[in-house]
Every structure is written in structure tokens, then in C-alpha cells.
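See structure below.
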Amino acid sequence: MKKILLFGAGKSATVLIYHLAQYCEKNNNEFIVCDQNLESTQKKIEGFRNSNAVTVDVTNETSRRSLVSAADIVISLLPPALHILVAKDCVFFSKNLLTASYVDEAMQSLAAEVESRNILFLSEMGLDPGIDHMSAMRLIHGLTNKKAIIYSFLSHCGGLVAPESDDNPWHYKVTWNPANVVMAGSNGAHYLSENREIRIPYQSVFANDDQEIDVDGLGKLSWYANRDSLTYMETYGLKGLSDFIRTTLRYPEYIKAWNLIVHLGLTSADDHATINHCRTYSEWYQYKLNAYSEKNKNGNIMPLLKDSHVHQQFDYLGLFSDEILPTKVSSAKILQSLLESRLVMLPADKDMIVMVHEVSYRLNQQKEKVVSTLIVKGTDSMQTAMAKTVGMPLAIAAILILEGKINLKGLHIPVLPEIYEPVLAGLEENGISFIEKVVKEQ
């Protein structure tokens, strides 16, 4: 009997848990799910005899190691900063590890030890990063095998509310970590556009709500640039491009209003001292508005705040409410509390994942563009599209590794055919597939 160990059973883990619980039941393996919320985790594995829920303090080395040492493969959906604790245990006990998070410096520092232990650490194995890498590399390798010359690469991805559940002026509901929603874009952006290297600060990330893409069946969506796109040019084996950018998709109304949220300092994580006197949401908002006006005498966003739809969005979010603030840790925490209460997924709500790759190339003296589109809708507020697309790649990869169908060793992300071909095939079997079209370009 083989044992799969999962750390973290939050919103994005529901589909992963169900898929692996089914697999272990069918194949007489054991599945251990470790999370702080034991009662919630027990409900997620209810009815599966080979699955067990446990709770430990993951910062307690003895408790954590007792779980890792007994596992055949470990999956971590903990907050990224905690991955390193599990990763070091996996190195110590020579266990394979999967995560959905970006490879940070801490994880990269273990690369040599992972290699020497002859084990596999597979990171960036969720949606974005994850499915984006795998689907992009399948496109890129397919084109380069035909001797096509790629000159532009744009990749867009967004977690949105499905049209049938879109009932608020933000056209958005929270389906993943709300703290990450608050801090989106805070690292600025770095990308390549029309042969120019572009760097933009946080204050400018959401400034252009006219950056749009037309998605078949959905219409126009807006995008904002993600972090440092250019780190992936080399990873994807691309050179000499005029454009390379990875973006996040939102509805245009969201981008427009969130830009104002950022400029007003409502996402500030270190302003506890200055907002400590505020008692209500409206006092907090008015204080931040006055502070912005004082610093920016020209009031360059002030006319935008008078837009009727923006006013409706701010009102819906609760910025004008006289409710007592639940916390004064920081503006970021206050804003997060509003997102969690006002933009919450109701039980019957459906979310939606949209991913689009636009790859332009020259082939046989003709310019063409392939547009590859993925649209996935959730079933309800628990079996979300976000949970499907984050969890399924991890579940499929874990099973492939357990069954000896992925035999790579070392620290990897899913850009190699040995990884992306079988995982994408598994995703397609579970209804997660791309539709491609090729258009001629001038």
C-alpha cells in the first residue's frame, strides 16, 4: 500500500482531494490530508475508507516529520512561505514533492540536494503557474518542430465569475486566497512589447483598462501584466521576440475600479499607525481619500471617483458603510475582510477559468497566429473551476509519479514533454481541454 500525503485543504484543494481519495479507494492506497481545520477536512473525505484527516502544527518539526517520513509522495498546498519546511523534510527522507507555487529562492536552494537524493520536486504544477506552462510548451514545441519562427507570445489567464452567477457591479467573486487578491500586482510588472522592455510600478499595473482581448463566447476582457514575464522567455526556449507577456484577466469594470483602490492606498499593508483612529469603514475610506488628496494636489484620479459605476462598485464593496471595522491591522486586512463578506461565492454560484495563449509566428513565408483558449466553469461554490484547474494537474502528476510513468529526478517545473504530455492528456480526459484556431496575419 502506497501513501499520499497532502498538506493544506483549503478552497483550491477540494477537487484534488476528491480525485486522490477516489484513486486511493480504487487502488487500495492510503491518502492522508493534513489541515488546521480538521472538521472541514473530514467532510471533504467523508465516505472514503482509505482517506484520513489529521491536524498538526506544520511548524512543529517532530509532528511534521512523522507524517512525511511515512509517505511515498507529498503534496503541499500550504501558503508558499511554508513550503520550505515540508521541502526540507522531503529531502531528508528522500520523498517526492509537488506544489502549485512558483519556485522561489528557498526552493531553488535545495536543487542540488534534490538531485543528489535522486528524487523529484515538481513545482508550479497548478493552474497559473502550471496549466499555462504545459499548454504553452505544447504549442511552442509543436511550432518549432515545424520550423516556425515565433516572434510574439502573449499568455492570459483569469479566475472570474461565470456569466450566470455574475450579479454584482464588480463582475467578480473570490474563489482563491483573498489575501492574494488584495496584493495582486504589488510586485509591479516587467515584459516585452514591440521590441521594448517595459517595467511598470505597482501604481501603474491597473492603469490601462483598455488593454483588452476578445475571447470567443465571452466578449472583451481586460488584462494586467503579471510580475516578471521575461524570466520565462529562457524557460520556454524563446529568443528574438518582439513581444512576450503573461497577464491576468478581469472584466474591464474591475480593472478600472481596482486601479483607484490601489491609488487610494486601500491595499497598504503597513499603515496601521495612521488608520488606528478610524472606527468604521466609511471613516477609513474617507481618511484614505483625504490623505490621497493632500499628497496629490492635482487630484488626478478624483474625477474618476465620480463615475457612477465606480461609485456603485465602492458602495457594493462597503466602503461607505458605517459598520464597525473588524480589524485595524492594516488597510490590506480591512479590504480583505470586505472582499470576503461582499464578494463571496454563494452555494450555487459558479466560477470560471479563462486562459488564452496568442502565439504569432512565421511559417513558409506566411505570418500566422494560433489562439489557444481554455474555458472551465465550476459546478458550485465548492467544486469550483479554480479548484479543478489547480487541483487536477497535481492529482494527475502525483498518480503518474506513483505509477512510475514520470521518472524524472531533480527540481522541475512542467515544461518538459515527459511531464506535460501525460498530464495534459489526463486533464483532457477530465474535461479540461483547449480549443485552437489559426488566423492569418499581415
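Chain lettering (A, B, ...) mirrors the order of the C-alpha cells, residue numbering begins at 1 for each chain separately, and ligand numbering begins at 1 in order of display.
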
Nearby residues (only C-alpha atoms) at most 9 Å from A:Leu77, same-chain spacing under 5 positions excluded, as a count of residues only: 12

Picked from stretch 36-199 of chain A by DSSP as strand (DSSP E or B), as a ChimeraX atom specification: /A:51-54,73-76,96-99,120-122,126-127,130,149-161,189-193,196-199

10 Å contact set for stretch 418-425 of chain A, only C-alpha atoms, chain neighbours under 2 positions out, as a PyMOL selection string: chain A and resi 122+125+130-131+133-138+392-401+405-408+412-416+427-430+432-434

A:Gly240: which residues within 9 Å, counting only C-alpha atoms, same-chain residues fewer than 2 positions away excluded, as a tab-separated table (two decimals) with N, CA, C and O atoms, in the first residue's frame?
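Generated output (around_37.tsv):
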```tsv
chain	number	residue	atom	x	y	z
A	150	ILE	N	8.80	31.82	-34.07
A	150	ILE	CA	7.88	32.53	-33.18
A	150	ILE	C	8.43	33.93	-32.91
A	150	ILE	O	9.60	34.08	-32.56
A	151	TYR	N	7.60	34.96	-33.08
A	151	TYR	CA	8.05	36.32	-32.81
A	151	TYR	C	7.20	37.06	-31.78
A	151	TYR	O	7.57	38.16	-31.35
A	195	ASN	N	9.25	45.22	-29.19
A	195	ASN	CA	10.71	45.27	-29.11
A	195	ASN	C	11.24	46.16	-27.99
A	195	ASN	O	12.44	46.45	-27.95
A	238	LEU	N	12.59	30.65	-25.87
A	238	LEU	CA	12.25	31.63	-26.89
A	238	LEU	C	13.28	32.75	-26.92
A	238	LEU	O	13.71	33.25	-25.88
A	242	SER	N	9.48	40.03	-30.37
A	242	SER	CA	9.12	41.43	-30.24
A	242	SER	C	8.20	41.65	-29.04
A	242	SER	O	8.16	42.74	-28.48
```

Give me the stretch 64-177 of chain A side of the contact with stretch 214-228 of chain A, cut-off 12 Å, one line per residue showing its nearest atom pair and distance in Å at one decimal, counting only C-alpha atoms, sorted by chain and residue number, as CSV.
```
residue,atom,partner,partner_atom,distance
A:Tyr102,CA,A:Arg227,CA,11.5
A:Asp128,CA,A:Asn226,CA,10.6
A:Pro129,CA,A:Asn226,CA,11.2
A:Leu154,CA,A:Ala225,CA,10.2
A:Ser155,CA,A:Ala225,CA,9.8
A:His156,CA,A:Trp223,CA,7.4
A:Cys157,CA,A:Trp223,CA,8.6
A:Gly158,CA,A:Trp223,CA,8.6
A:Gly159,CA,A:Leu221,CA,11.7
A:Leu160,CA,A:Leu221,CA,10.3
A:Val161,CA,A:Leu218,CA,11.8
A:Ala162,CA,A:Leu218,CA,9.9
A:Pro163,CA,A:Leu218,CA,8.5
A:Glu164,CA,A:Leu218,CA,11.8
A:His171,CA,A:Leu221,CA,11.1
```

For the residues selected in the previous step, produce a file with C-alpha atoms as a short mmCIF file (atom, residue, chain, number, x, y, z; two decimals), in the first residue's frame.
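File written: again_2.cif
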```cif
data_model
loop_
_atom_site.label_atom_id
_atom_site.label_comp_id
_atom_site.auth_asym_id
_atom_site.auth_seq_id
_atom_site.Cartn_x
_atom_site.Cartn_y
_atom_site.Cartn_z
CA TYR A 102 6.35 29.42 -8.02
CA ASP A 128 -1.14 29.61 -13.30
CA PRO A 129 1.59 28.57 -12.87
CA LEU A 154 1.09 36.54 -25.10
CA SER A 155 -0.47 34.39 -22.38
CA HIS A 156 -3.57 35.44 -20.44
CA CYS A 157 -5.30 33.75 -17.51
CA GLY A 158 -8.01 34.77 -15.09
CA GLY A 159 -10.27 33.38 -12.42
CA LEU A 160 -13.66 35.01 -12.97
CA VAL A 161 -17.28 34.58 -12.02
CA ALA A 162 -19.32 32.66 -14.62
CA PRO A 163 -21.83 34.81 -16.54
CA GLU A 164 -24.83 33.03 -14.99
CA HIS A 171 -18.22 41.23 -12.07
#
```

Contact residues around A:Arg64 with only C-alpha atoms at 10 Å, ignoring same-chain residues under 4 positions, as a list of chain:residue names: A:Phe7, A:Cys34, A:Thr55, A:Val56, A:Asp57, A:Val58, A:Thr59, A:Asn60, A:Val68, A:Ser69, A:Leu85, A:Val86, A:Asp89
